[in-house]
file run-v1.pdb (PDB, C-alpha atoms and all ligand atoms)
ATOM      1  CA  MET C   1      79.185  24.917 111.074
ATOM      2  CA  PRO C   2      81.282  21.834 110.317
ATOM      3  CA  PHE C   3      84.451  23.824 109.637
ATOM      4  CA  ALA C   4      86.291  26.852 111.015
ATOM      5  CA  GLN C   5      88.984  29.159 109.685
ATOM      6  CA  VAL C   6      92.103  28.594 111.779
ATOM      7  CA  HIS C   7      94.684  30.694 109.908
ATOM      8  CA  SER C   8      94.937  33.496 107.395
ATOM      9  CA  GLY C   9      97.866  34.070 105.055
ATOM     10  CA  PRO C  10      97.464  31.355 103.863
ATOM     11  CA  ASP C  11      93.780  30.842 104.589
ATOM     12  CA  VAL C  12      93.423  27.508 106.372
ATOM     13  CA  PHE C  13      90.117  25.903 107.285
ATOM     14  CA  GLU C  14      89.865  23.007 109.700
ATOM     15  CA  VAL C  15      87.184  20.368 109.233
ATOM     16  CA  LYS C  16      86.644  17.993 112.148
ATOM     17  CA  VAL C  17      85.660  14.711 110.524
ATOM     18  CA  PRO C  18      84.133  12.554 113.268
ATOM     19  CA  PHE C  19      85.817   9.265 114.171
ATOM     20  CA  ALA C  20      85.395   7.627 117.563
ATOM     21  CA  ASN C  21      88.686   5.970 118.482
ATOM     22  CA  VAL C  22      90.503   4.959 121.671
ATOM     23  CA  SER C  23      91.855   8.448 122.253
ATOM     24  CA  THR C  24      90.354  10.819 119.684
ATOM     25  CA  SER C  25      86.893  11.744 118.474
ATOM     26  CA  ALA C  26      87.750  13.269 115.088
ATOM     27  CA  THR C  27      90.382  13.647 112.399
ATOM     28  CA  ASN C  28      91.230  17.266 111.672
ATOM     29  CA  CYS C  29      91.300  17.699 107.905
ATOM     30  CA  PHE C  30      92.568  20.974 106.506
ATOM     31  CA  VAL C  31      91.662  23.009 103.453
ATOM     32  CA  VAL C  32      94.124  25.659 102.240
ATOM     33  CA  MET C  33      92.736  28.244  99.818
ATOM     34  CA  ASP C  34      94.494  30.962  97.852
ATOM     35  CA  GLY C  35      93.955  32.641  94.490
ATOM     36  CA  GLY C  36      91.089  30.331  93.576
ATOM     37  CA  GLU C  37      93.190  27.210  94.243
ATOM     38  CA  ALA C  38      92.595  24.669  96.997
ATOM     39  CA  LEU C  39      94.615  22.024  98.800
ATOM     40  CA  VAL C  40      92.871  19.397 100.937
ATOM     41  CA  VAL C  41      95.084  17.750 103.577
ATOM     42  CA  ASP C  42      93.749  14.302 104.613
ATOM     43  CA  THR C  43      90.159  13.079 104.361
ATOM     44  CA  GLY C  44      89.089  11.262 107.542
ATOM     45  CA  ALA C  45      87.678   7.862 108.442
ATOM     46  CA  PRO C  46      85.185   6.100 106.156
ATOM     47  CA  THR C  47      81.867   6.686 107.924
ATOM     48  CA  ASP C  48      78.631   8.090 106.500
ATOM     49  CA  GLU C  49      78.652  10.853 109.079
ATOM     50  CA  GLY C  50      82.275  11.758 108.249
ATOM     51  CA  ALA C  51      81.600  11.782 104.516
ATOM     52  CA  ALA C  52      78.606  14.065 105.068
ATOM     53  CA  VAL C  53      80.630  16.501 107.195
ATOM     54  CA  LEU C  54      83.534  16.709 104.733
ATOM     55  CA  ASP C  55      81.187  16.896 101.729
ATOM     56  CA  ALA C  56      79.186  19.742 103.251
ATOM     57  CA  SER C  57      82.344  21.633 104.245
ATOM     58  CA  LEU C  58      83.965  21.380 100.806
ATOM     59  CA  ASP C  59      80.687  22.467  99.206
ATOM     60  CA  GLU C  60      80.243  25.394 101.553
ATOM     61  CA  LEU C  61      83.830  26.494 100.917
ATOM     62  CA  GLY C  62      83.071  26.330  97.192
ATOM     63  CA  ILE C  63      85.830  23.827  96.414
ATOM     64  CA  ASP C  64      85.885  22.551  92.838
ATOM     65  CA  ARG C  65      87.047  19.000  93.559
ATOM     66  CA  ALA C  66      88.096  18.349  89.987
ATOM     67  CA  ARG C  67      90.651  21.165  90.343
ATOM     68  CA  ALA C  68      91.641  20.766  93.994
ATOM     69  CA  THR C  69      94.877  19.111  95.134
ATOM     70  CA  PHE C  70      94.441  16.246  97.616
ATOM     71  CA  PHE C  71      97.309  15.358  99.946
ATOM     72  CA  LEU C  72      97.570  12.489 102.441
ATOM     73  CA  THR C  73      99.959  12.782 105.386
ATOM     74  CA  HIS C  74      99.921   9.005 105.783
ATOM     75  CA  LEU C  75      97.944   5.947 104.837
ATOM     76  CA  HIS C  76      95.911   5.231 107.944
ATOM     77  CA  LEU C  77      92.181   4.592 107.824
ATOM     78  CA  ASP C  78      91.265   7.806 109.652
ATOM     79  CA  HIS C  79      93.273   9.915 107.175
ATOM     80  CA  ALA C  80      92.849   8.183 103.822
ATOM     81  CA  GLY C  81      89.526   6.435 104.445
ATOM     82  CA  LEU C  82      87.283   8.924 102.638
ATOM     83  CA  VAL C  83      89.346   9.237  99.445
ATOM     84  CA  ASP C  84      86.909   7.088  97.475
ATOM     85  CA  ARG C  85      83.927   9.172  98.558
ATOM     86  CA  ILE C  86      85.476  12.634  98.220
ATOM     87  CA  VAL C  87      88.064  12.586  95.425
ATOM     88  CA  PRO C  88      86.635  12.577  91.870
ATOM     89  CA  ASP C  89      87.557   9.807  89.386
ATOM     90  CA  GLY C  90      91.041  10.184  87.948
ATOM     91  CA  ALA C  91      92.013  13.063  90.226
ATOM     92  CA  PRO C  92      95.566  13.061  91.589
ATOM     93  CA  VAL C  93      96.102  12.279  95.281
ATOM     94  CA  LEU C  94      99.552  13.168  96.601
ATOM     95  CA  MET C  95     100.999  10.587  98.995
ATOM     96  CA  SER C  96     104.109   8.732 100.049
ATOM     97  CA  ALA C  97     105.281   5.822  97.891
ATOM     98  CA  VAL C  98     106.743   4.223 101.023
ATOM     99  CA  ASP C  99     103.356   4.195 102.786
ATOM    100  CA  PHE C 100     101.645   3.058  99.592
ATOM    101  CA  GLU C 101     103.979   0.035  99.399
ATOM    102  CA  ALA C 102     103.633  -0.670 103.126
ATOM    103  CA  ALA C 103      99.832  -0.637 102.851
ATOM    104  CA  ARG C 104      99.991  -2.962  99.867
ATOM    105  CA  ALA C 105     102.380  -5.305 101.693
ATOM    106  CA  SER C 106     100.040  -5.439 104.697
ATOM    107  CA  ARG C 107      97.282  -6.811 102.463
ATOM    108  CA  ALA C 108      99.496  -9.548 101.036
ATOM    109  CA  SER C 109      98.559 -13.086 102.006
ATOM    110  CA  THR C 110     101.888 -13.403 103.831
ATOM    111  CA  ALA C 111     101.265 -10.422 106.186
ATOM    112  CA  PHE C 112      99.145 -12.389 108.646
ATOM    113  CA  ASP C 113     101.617 -15.294 108.861
ATOM    114  CA  ALA C 114     104.643 -13.004 109.190
ATOM    115  CA  SER C 115     103.037 -11.076 112.046
ATOM    116  CA  ARG C 116     101.879 -14.255 113.795
ATOM    117  CA  ARG C 117     105.349 -15.841 113.498
ATOM    118  CA  ARG C 118     106.995 -12.752 114.982
ATOM    119  CA  LEU C 119     104.558 -12.668 117.918
ATOM    120  CA  LEU C 120     105.016 -16.387 118.631
ATOM    121  CA  ALA C 121     108.801 -15.930 118.584
ATOM    122  CA  GLU C 122     108.455 -13.095 121.108
ATOM    123  CA  GLY C 123     106.642 -15.441 123.488
ATOM    124  CA  VAL C 124     102.999 -14.559 122.783
ATOM    125  CA  GLY C 125     100.617 -17.540 123.165
ATOM    126  CA  ALA C 126      99.282 -19.191 119.997
ATOM    127  CA  GLY C 127      95.665 -18.078 120.464
ATOM    128  CA  ASP C 128      96.520 -14.447 121.171
ATOM    129  CA  ALA C 129      99.112 -14.333 118.366
ATOM    130  CA  SER C 130      96.468 -15.294 115.793
ATOM    131  CA  GLY C 131      94.113 -12.657 117.182
ATOM    132  CA  TYR C 132      96.724  -9.897 117.129
ATOM    133  CA  ALA C 133      98.009 -10.870 113.668
ATOM    134  CA  ARG C 134      94.587 -10.108 112.230
ATOM    135  CA  TYR C 135      95.189  -6.419 113.040
ATOM    136  CA  ALA C 136      98.365  -6.496 110.940
ATOM    137  CA  VAL C 137      96.274  -7.025 107.815
ATOM    138  CA  GLU C 138      94.901  -3.614 106.859
ATOM    139  CA  PRO C 139      91.770  -3.223 104.749
ATOM    140  CA  PRO C 140      92.209  -1.410 101.434
ATOM    141  CA  LEU C 141      91.923   2.361 102.032
ATOM    142  CA  PHE C 142      90.880   3.400  98.525
ATOM    143  CA  ASP C 143      90.746   2.104  94.988
ATOM    144  CA  PRO C 144      94.198   2.854  93.501
ATOM    145  CA  GLY C 145      92.835   2.175  90.013
ATOM    146  CA  ARG C 146      90.263   4.952  90.337
ATOM    147  CA  VAL C 147      92.197   7.906  91.741
ATOM    148  CA  ARG C 148      95.681   8.797  90.544
ATOM    149  CA  ALA C 149      98.146   7.956  93.338
ATOM    150  CA  THR C 150     100.863  10.567  92.836
ATOM    151  CA  PHE C 151     103.992   9.991  94.869
ATOM    152  CA  VAL C 152     105.788  12.909  96.490
ATOM    153  CA  SER C 153     108.876  12.940  98.667
ATOM    154  CA  GLU C 154     111.244  15.212 100.598
ATOM    155  CA  GLY C 155     111.636  18.643  99.011
ATOM    156  CA  ASP C 156     108.792  18.369  96.499
ATOM    157  CA  GLU C 157     106.626  21.479  96.302
ATOM    158  CA  VAL C 158     102.851  21.652  96.518
ATOM    159  CA  ALA C 159     101.578  25.018  95.311
ATOM    160  CA  VAL C 160      98.328  26.695  96.406
ATOM    161  CA  GLY C 161      97.980  30.140  94.854
ATOM    162  CA  ARG C 162     100.916  32.239  96.054
ATOM    163  CA  PHE C 163     101.992  29.672  98.662
ATOM    164  CA  ARG C 164     104.506  26.901  98.150
ATOM    165  CA  PHE C 165     104.316  24.038 100.635
ATOM    166  CA  ARG C 166     107.359  21.803 100.946
ATOM    167  CA  VAL C 167     107.022  18.075 101.507
ATOM    168  CA  ILE C 168     108.894  16.976 104.639
ATOM    169  CA  GLU C 169     109.456  13.273 105.318
ATOM    170  CA  VAL C 170     108.826  12.443 108.980
ATOM    171  CA  PRO C 171     108.900   8.625 109.203
ATOM    172  CA  GLY C 172     107.992   6.962 112.498
ATOM    173  CA  HIS C 173     104.227   6.868 113.026
ATOM    174  CA  THR C 174     104.183   5.198 109.599
ATOM    175  CA  PRO C 175     107.246   4.339 107.485
ATOM    176  CA  GLY C 176     106.401   7.040 104.933
ATOM    177  CA  HIS C 177     104.662   9.705 107.032
ATOM    178  CA  LEU C 178     104.738  13.143 105.358
ATOM    179  CA  ALA C 179     104.326  16.684 106.644
ATOM    180  CA  LEU C 180     103.761  19.886 104.652
ATOM    181  CA  PHE C 181     105.646  23.066 105.509
ATOM    182  CA  GLU C 182     105.209  26.571 104.112
ATOM    183  CA  PRO C 183     108.429  28.463 104.961
ATOM    184  CA  ASP C 184     107.115  32.052 104.542
ATOM    185  CA  SER C 185     104.172  31.682 106.942
ATOM    186  CA  GLY C 186     105.779  28.951 109.046
ATOM    187  CA  VAL C 187     102.641  26.813 108.754
ATOM    188  CA  LEU C 188     103.234  23.078 109.205
ATOM    189  CA  PHE C 189     100.689  20.311 108.687
ATOM    190  CA  GLY C 190     102.134  17.598 110.874
ATOM    191  CA  GLY C 191      99.580  14.802 110.517
ATOM    192  CA  ASP C 192     100.043  12.343 113.384
ATOM    193  CA  HIS C 193     103.771  12.974 113.826
ATOM    194  CA  VAL C 194     103.362  15.263 116.840
ATOM    195  CA  LEU C 195     100.118  15.157 118.828
ATOM    196  CA  PHE C 196      99.133  16.613 122.169
ATOM    197  CA  VAL C 197      96.294  14.209 123.031
ATOM    198  CA  ILE C 198      98.495  11.104 122.905
ATOM    199  CA  SER C 199     102.055  10.064 122.236
ATOM    200  CA  PRO C 200     101.691   8.911 118.601
ATOM    201  CA  GLY C 201     102.201   5.199 118.015
ATOM    202  CA  ILE C 202     105.269   4.089 116.087
ATOM    203  CA  ALA C 203     104.971   1.458 113.360
ATOM    204  CA  LEU C 204     107.090  -1.621 112.819
ATOM    205  CA  PHE C 205     108.649  -0.842 109.425
ATOM    206  CA  PRO C 206     108.176  -3.579 106.818
ATOM    207  CA  ASP C 207     111.871  -3.481 105.872
ATOM    208  CA  GLY C 208     112.883  -4.034 109.504
ATOM    209  CA  ALA C 209     114.539  -0.604 109.803
ATOM    210  CA  ASP C 210     114.791   1.024 113.251
ATOM    211  CA  ALA C 211     111.434   2.827 113.425
ATOM    212  CA  LEU C 212     112.052   4.439 116.805
ATOM    213  CA  GLN C 213     115.318   5.981 115.623
ATOM    214  CA  ALA C 214     113.488   7.228 112.531
ATOM    215  CA  TYR C 215     110.816   8.793 114.753
ATOM    216  CA  LEU C 216     113.361  10.485 117.036
ATOM    217  CA  ASP C 217     115.206  11.810 113.965
ATOM    218  CA  SER C 218     111.907  13.111 112.586
ATOM    219  CA  LEU C 219     111.204  14.910 115.871
ATOM    220  CA  ALA C 220     114.600  16.638 115.663
ATOM    221  CA  LYS C 221     113.948  17.516 112.032
ATOM    222  CA  VAL C 222     110.615  19.189 112.785
ATOM    223  CA  ARG C 223     112.107  20.952 115.821
ATOM    224  CA  ALA C 224     114.777  22.443 113.530
ATOM    225  CA  LEU C 225     112.232  23.699 110.978
ATOM    226  CA  GLY C 226     111.251  26.487 113.338
ATOM    227  CA  CYS C 227     107.619  26.461 112.290
ATOM    228  CA  SER C 228     105.338  29.109 113.758
ATOM    229  CA  ARG C 229     102.087  27.162 113.593
ATOM    230  CA  LEU C 230     101.686  23.395 113.837
ATOM    231  CA  PHE C 231      98.365  21.923 112.771
ATOM    232  CA  VAL C 232      97.741  18.499 114.291
ATOM    233  CA  SER C 233      95.408  15.806 112.957
ATOM    234  CA  HIS C 234      93.816  15.004 116.317
ATOM    235  CA  GLY C 235      92.907  17.324 119.188
ATOM    236  CA  GLU C 236      93.408  21.075 119.383
ATOM    237  CA  PRO C 237      96.502  22.922 118.140
ATOM    238  CA  ARG C 238      98.668  24.491 120.840
ATOM    239  CA  ASP C 239     101.468  27.003 120.805
ATOM    240  CA  ASP C 240     103.837  24.967 122.974
ATOM    241  CA  PHE C 241     104.691  22.449 120.261
ATOM    242  CA  ALA C 242     108.438  22.904 120.691
ATOM    243  CA  GLU C 243     108.067  21.817 124.330
ATOM    244  CA  ARG C 244     105.835  18.962 123.210
ATOM    245  CA  ILE C 245     108.505  17.750 120.759
ATOM    246  CA  ASP C 246     111.065  17.826 123.582
ATOM    247  CA  TRP C 247     108.642  15.962 125.840
ATOM    248  CA  LEU C 248     107.986  13.245 123.238
ATOM    249  CA  ASP C 249     111.723  12.828 122.706
ATOM    250  CA  ALA C 250     112.370  12.547 126.460
ATOM    251  CA  HIS C 251     109.394  10.214 126.889
ATOM    252  CA  HIS C 252     110.777   7.726 124.354
ATOM    253  CA  ARG C 253     114.300   7.938 125.769
ATOM    254  CA  GLU C 254     112.989   7.270 129.290
ATOM    255  CA  ARG C 255     111.048   4.265 128.068
ATOM    256  CA  LEU C 256     114.160   2.952 126.294
ATOM    257  CA  GLU C 257     116.088   3.202 129.564
ATOM    258  CA  GLU C 258     113.253   1.478 131.400
ATOM    259  CA  ALA C 259     113.173  -1.411 128.887
ATOM    260  CA  ALA C 260     116.978  -1.758 128.944
ATOM    261  CA  GLY C 261     116.791  -1.820 132.754
ATOM    262  CA  ILE C 262     114.152  -4.575 132.694
ATOM    263  CA  VAL C 263     116.363  -6.705 130.418
ATOM    264  CA  ALA C 264     119.414  -6.058 132.617
ATOM    265  CA  ALA C 265     117.474  -7.052 135.739
ATOM    266  CA  GLY C 266     115.960 -10.159 134.142
ATOM    267  CA  PRO C 267     118.268 -11.553 131.478
ATOM    268  CA  GLY C 268     116.630 -14.199 129.313
ATOM    269  CA  LEU C 269     113.114 -12.738 129.323
ATOM    270  CA  THR C 270     111.053 -13.142 126.167
ATOM    271  CA  GLY C 271     109.915 -10.062 124.273
ATOM    272  CA  GLU C 272     106.398 -10.331 125.631
ATOM    273  CA  GLN C 273     107.695 -10.626 129.201
ATOM    274  CA  VAL C 274     109.837  -7.495 128.811
ATOM    275  CA  ILE C 275     106.985  -5.557 127.225
ATOM    276  CA  ARG C 276     104.509  -6.536 129.957
ATOM    277  CA  ARG C 277     106.903  -5.246 132.613
ATOM    278  CA  ILE C 278     107.177  -1.800 131.041
ATOM    279  CA  LYS C 279     104.928   0.738 132.777
ATOM    280  CA  TRP C 280     102.473   1.680 130.044
ATOM    281  CA  ASN C 281     100.243   4.665 130.356
ATOM    282  CA  VAL C 282      97.118   2.486 130.500
ATOM    283  CA  PRO C 283      95.389   2.226 133.860
ATOM    284  CA  HIS C 284      94.869  -1.467 134.589
ATOM    285  CA  GLY C 285      95.268  -4.089 137.269
ATOM    286  CA  ARG C 286      96.112  -7.158 135.254
ATOM    287  CA  TRP C 287      97.410  -7.412 131.657
ATOM    288  CA  GLU C 288      94.195  -9.271 130.795
ATOM    289  CA  ASP C 289      92.132  -6.240 131.895
ATOM    290  CA  ILE C 290      93.512  -4.179 129.010
ATOM    291  CA  SER C 291      91.372  -4.399 125.875
ATOM    292  CA  PHE C 292      92.703  -6.816 123.266
ATOM    293  CA  VAL C 293      93.272  -4.122 120.635
ATOM    294  CA  GLN C 294      95.126  -1.943 123.136
ATOM    295  CA  ARG C 295      97.306  -4.885 124.193
ATOM    296  CA  TRP C 296      98.186  -5.300 120.518
ATOM    297  CA  CYS C 297      99.151  -1.599 120.301
ATOM    298  CA  ILE C 298     101.344  -2.017 123.387
ATOM    299  CA  LEU C 299     103.019  -5.134 121.955
ATOM    300  CA  MET C 300     103.784  -3.379 118.661
ATOM    301  CA  GLU C 301     105.196  -0.365 120.496
ATOM    302  CA  GLY C 302     107.225  -2.701 122.700
ATOM    303  CA  LEU C 303     108.691  -4.556 119.727
ATOM    304  CA  VAL C 304     109.735  -1.219 118.224
ATOM    305  CA  ILE C 305     111.585  -0.479 121.487
ATOM    306  CA  LEU C 306     113.266  -3.906 121.587
ATOM    307  CA  ASP C 307     114.300  -3.651 117.917
ATOM    308  CA  HIS C 308     115.843  -0.252 118.603
ATOM    309  CA  LEU C 309     117.785  -1.455 121.647
ATOM    310  CA  VAL C 310     119.077  -4.486 119.702
ATOM    311  CA  ASP C 311     119.941  -2.308 116.706
ATOM    312  CA  ARG C 312     121.906   0.089 118.927
ATOM    313  CA  GLY C 313     123.748  -2.761 120.637
ATOM    314  CA  ARG C 314     122.198  -1.925 124.021
ATOM    315  CA  ILE C 315     120.740  -5.422 124.411
ATOM    316  CA  ARG C 316     121.279  -8.778 122.698
ATOM    317  CA  ARG C 317     118.626 -11.051 121.174
ATOM    318  CA  GLU C 318     119.163 -14.803 121.171
ATOM    319  CA  VAL C 319     116.927 -17.414 119.587
ATOM    320  CA  GLY C 320     116.627 -20.559 121.692
ATOM    321  CA  GLU C 321     116.139 -24.127 120.470
ATOM    322  CA  ASP C 322     112.447 -23.664 121.252
ATOM    323  CA  GLY C 323     112.375 -20.871 118.651
ATOM    324  CA  LEU C 324     111.755 -18.207 121.313
ATOM    325  CA  ARG C 325     113.649 -14.932 121.244
ATOM    326  CA  ARG C 326     115.190 -14.016 124.568
ATOM    327  CA  TYR C 327     116.844 -10.757 125.523
ATOM    328  CA  PHE C 328     120.127 -10.223 127.384
TER     329      PHE C 328
HETATM  330 ZN    ZN P   1      97.766   7.664 112.034
END
call {"tool": "encode", "arguments": {"input": "run-v1.pdb", "output": "structure tokens"}}
result
Amino acid sequence: MPFAQVHSGPDVFEVKVPFANVSTSATNCFVVMDGGEALVVDTGAPTDEGAAVLDASLDELGIDRARATFFLTHLHLDHAGLVDRIVPDGAPVLMSAVDFEAARASRASTAFDASRRRLLAEGVGAGDASGYARYAVEPPLFDPGRVRATFVSEGDEVAVGRFRFRVIEVPGHTPGHLALFEPDSGVLFGGDHVLFVISPGIALFPDGADALQAYLDSLAKVRALGCSRLFVSHGEPRDDFAERIDWLDAHHRERLEEAAGIVAAGPGLTGEQVIRRIKWNVPHGRWEDISFVQRWCILMEGLVILDHLVDRGRIRREVGEDGLRRYF
């Protein structure tokens, strides 16, 4: 069976939509059903196999897609990638306006150049910078002229039968990441905000805001909700999510200290040099042994750390006559 019931009151079904990635093998999509109404949380990555699994599950659950509510926690390929194959024409899809704008901006002709310029300024070589910058340009996730992109934000309610889910903004993994919380049952759909299989990546925000601070604030916010059940988008749910939130918070604070220590010990390093000296949780001998896409992930995460430290006044960024940014 492609889906399993994982909660009752409200009834929640989990559909594992296959997606082979660096660290996960599926996106957990959720279907909430009550009083003949249905809410579908996320859709999965755009593969034939994934579409077949989600299709079969929605059919078997007897979901009338023309009447169902579709909700996206964030606009990443493995969450929003099946919208065009699952959501009927003209149906509303609830999502974040912030993520919608960020996704649109990433497709702009300037996105590649902006990313490449930033990487060059941080000391990345010209060849690598062009390669990495290609990842900054995201493919379109769905046709916004076909479905009805309906923007929701903090405090908005999404009703399913007797249950009222509240939209919670948890920026960090993406600038507009959303969670859904049902206060009576304590059920929280957390998307990729808190995961057990990996420490979720943090995005560089298009407006230059401190993404790491946003993520840490979002962790504290979810901790304070006091949810009783957290459903995660990758891997299995666990009961020790409060401890996991504390661990993620401590993990980022330790890495901030480590990066600040590297800058203090080697004033004048470029961004890339600082980032390469951080101990990343990727087993490797040489930097070149890490896969190119994973090196890009590390660089993005590293820039988020450097931006945060600069923003907080912990370190100073100076631009030399050669155009390189150096850290002190
Ligand atoms: Zn994601």
call {"tool": "residues_near_point", "arguments": {"input": "run-v1.pdb", "point": "(86.9, 4.3, 100.7)", "cutoff": "9 Å", "atoms": "all atoms listed in the file", "output": "number ranges by chain"}}
result
C: 45-46, 77, 80-86, 140-143
call {"tool": "closest_atom_pairs", "arguments": {"input": "run-v1.pdb", "of": "region 198-238 of chain C", "to": "region 4-23 of chain C", "cutoff": "12 Å", "atoms": "only C-alpha atoms", "output": "JSON lines"}}
result
{"residue": "C:Ile198", "atom": "CA", "partner": "C:Ser23", "partner_atom": "CA", "distance": 7.2}
{"residue": "C:Ser199", "atom": "CA", "partner": "C:Ser23", "partner_atom": "CA", "distance": 10.3}
{"residue": "C:Pro200", "atom": "CA", "partner": "C:Ser23", "partner_atom": "CA", "distance": 10.5}
{"residue": "C:Gly201", "atom": "CA", "partner": "C:Ser23", "partner_atom": "CA", "distance": 11.6}
{"residue": "C:Ser228", "atom": "CA", "partner": "C:His7", "partner_atom": "CA", "distance": 11.4}
{"residue": "C:Arg229", "atom": "CA", "partner": "C:His7", "partner_atom": "CA", "distance": 9.0}
{"residue": "C:Leu230", "atom": "CA", "partner": "C:His7", "partner_atom": "CA", "distance": 10.9}
{"residue": "C:Phe231", "atom": "CA", "partner": "C:Glu14", "partner_atom": "CA", "distance": 9.1}
{"residue": "C:Val232", "atom": "CA", "partner": "C:Glu14", "partner_atom": "CA", "distance": 10.2}
{"residue": "C:Ser233", "atom": "CA", "partner": "C:Lys16", "partner_atom": "CA", "distance": 9.1}
{"residue": "C:His234", "atom": "CA", "partner": "C:Lys16", "partner_atom": "CA", "distance": 8.8}
{"residue": "C:Gly235", "atom": "CA", "partner": "C:Lys16", "partner_atom": "CA", "distance": 9.4}
{"residue": "C:Glu236", "atom": "CA", "partner": "C:Lys16", "partner_atom": "CA", "distance": 10.4}
{"residue": "C:Pro237", "atom": "CA", "partner": "C:Val6", "partner_atom": "CA", "distance": 9.6}
{"residue": "C:Arg238", "atom": "CA", "partner": "C:Val6", "partner_atom": "CA", "distance": 11.9}
call {"tool": "write_last_selection", "arguments": {"input": "run-v1.pdb", "atoms": "C-alpha atoms", "output": "mmCIF file, in the frame of the given file"}}
result
data_model
loop_
_atom_site.group_PDB
_atom_site.id
_atom_site.type_symbol
_atom_site.label_atom_id
_atom_site.label_comp_id
_atom_site.auth_asym_id
_atom_site.auth_seq_id
_atom_site.Cartn_x
_atom_site.Cartn_y
_atom_site.Cartn_z
ATOM 1 C CA ILE C 198 98.495 11.104 122.905
ATOM 2 C CA SER C 199 102.055 10.064 122.236
ATOM 3 C CA PRO C 200 101.691 8.911 118.601
ATOM 4 C CA GLY C 201 102.201 5.199 118.015
ATOM 5 C CA SER C 228 105.338 29.109 113.758
ATOM 6 C CA ARG C 229 102.087 27.162 113.593
ATOM 7 C CA LEU C 230 101.686 23.395 113.837
ATOM 8 C CA PHE C 231 98.365 21.923 112.771
ATOM 9 C CA VAL C 232 97.741 18.499 114.291
ATOM 10 C CA SER C 233 95.408 15.806 112.957
ATOM 11 C CA HIS C 234 93.816 15.004 116.317
ATOM 12 C CA GLY C 235 92.907 17.324 119.188
ATOM 13 C CA GLU C 236 93.408 21.075 119.383
ATOM 14 C CA PRO C 237 96.502 22.922 118.140
ATOM 15 C CA ARG C 238 98.668 24.491 120.840
#
call {"tool": "residues_near_ligand", "arguments": {"input": "run-v1.pdb", "ligand": "ligand ZN 1 (chain P)", "cutoff": "10 Å", "atoms": "only C-alpha atoms and all ligand atoms", "output": "PyMOL selection string"}}
result
chain C and resi 27+73-80+173-174+177+191-193+200-203+233-234
call {"tool": "write_last_selection", "arguments": {"input": "run-v1.pdb", "atoms": "C-alpha atoms", "output": "mmCIF file, in the coordinates of the input"}}
result
data_model
loop_
_atom_site.group_PDB
_atom_site.id
_atom_site.type_symbol
_atom_site.label_atom_id
_atom_site.label_comp_id
_atom_site.auth_asym_id
_atom_site.auth_seq_id
_atom_site.Cartn_x
_atom_site.Cartn_y
_atom_site.Cartn_z
ATOM 1 C CA THR C 27 90.382 13.647 112.399
ATOM 2 C CA THR C 73 99.959 12.782 105.386
ATOM 3 C CA HIS C 74 99.921 9.005 105.783
ATOM 4 C CA LEU C 75 97.944 5.947 104.837
ATOM 5 C CA HIS C 76 95.911 5.231 107.944
ATOM 6 C CA LEU C 77 92.181 4.592 107.824
ATOM 7 C CA ASP C 78 91.265 7.806 109.652
ATOM 8 C CA HIS C 79 93.273 9.915 107.175
ATOM 9 C CA ALA C 80 92.849 8.183 103.822
ATOM 10 C CA HIS C 173 104.227 6.868 113.026
ATOM 11 C CA THR C 174 104.183 5.198 109.599
ATOM 12 C CA HIS C 177 104.662 9.705 107.032
ATOM 13 C CA GLY C 191 99.580 14.802 110.517
ATOM 14 C CA ASP C 192 100.043 12.343 113.384
ATOM 15 C CA HIS C 193 103.771 12.974 113.826
ATOM 16 C CA PRO C 200 101.691 8.911 118.601
ATOM 17 C CA GLY C 201 102.201 5.199 118.015
ATOM 18 C CA ILE C 202 105.269 4.089 116.087
ATOM 19 C CA ALA C 203 104.971 1.458 113.360
ATOM 20 C CA SER C 233 95.408 15.806 112.957
ATOM 21 C CA HIS C 234 93.816 15.004 116.317
#
call {"tool": "resolve_selection", "arguments": {"input": "run-v1.pdb", "expression": "the PyMOL selection byres (((chain C and resi 315) around 8) and not hetatm)", "output": "PyMOL selection string"}}
result
chain C and resi 260+263+309-310+312-314+316-317+327-328
call {"tool": "residues_near_point", "arguments": {"input": "run-v1.pdb", "point": "(101.5, 6.0, 97.0)", "cutoff": "6 Å", "atoms": "only C-alpha atoms", "output": "VMD selection string"}}
result
chain C and resid 95 to 97 100 149 151
call {"tool": "resolve_selection", "arguments": {"input": "run-v1.pdb", "expression": "the PyMOL selection byres (((chain C and resi 31) around 10) and not hetatm)", "output": "ChimeraX atom specification"}}
result
/C:3,5,11-15,29-30,32-33,38-42,57-58,61,63,68-70
call {"tool": "atom_distance", "arguments": {"input": "run-v1.pdb", "atom1": "CA of Ala91 (chain C)", "atom2": "CA of Asp184 (chain C)"}}
result
28.2 Å
call {"tool": "closest_residue", "arguments": {"input": "run-v1.pdb", "among": "C:Arg117, C:Glu257, C:Phe112, C:Gln294", "to": "Val282 (chain C)", "atoms": "only C-alpha atoms"}}
result
C:Gln294
call {"tool": "residues_around", "arguments": {"input": "run-v1.pdb", "residues": "Val137 (chain C)", "least_positions_apart": "5", "cutoff": "7 Å", "atoms": "only C-alpha atoms", "output": "list in words"}}
result
Ser106, Arg107, Ala111 and Phe112 of chain C
call {"tool": "resolve_selection", "arguments": {"input": "run-v1.pdb", "expression": "the PyMOL selection byres (((chain C and resi 123) around 8) and not hetatm)", "output": "list of chain:residue names"}}
result
C:Leu119, C:Leu120, C:Ala121, C:Glu122, C:Val124, C:Gly125, C:Thr270, C:Gly271, C:Glu272, C:Gln273, C:Leu324, C:Arg325
call {"tool": "closest_residue", "arguments": {"input": "run-v1.pdb", "among": "C:Leu212, C:Ile305, C:Ala102, C:Val194", "to": "Leu248 (chain C)", "atoms": "all atoms listed in the file"}}
result
C:Val194
call {"tool": "atom_distance", "arguments": {"input": "run-v1.pdb", "atom1": "CA of Leu216 (chain C)", "atom2": "CA of Pro183 (chain C)"}}
result
22.2 Å
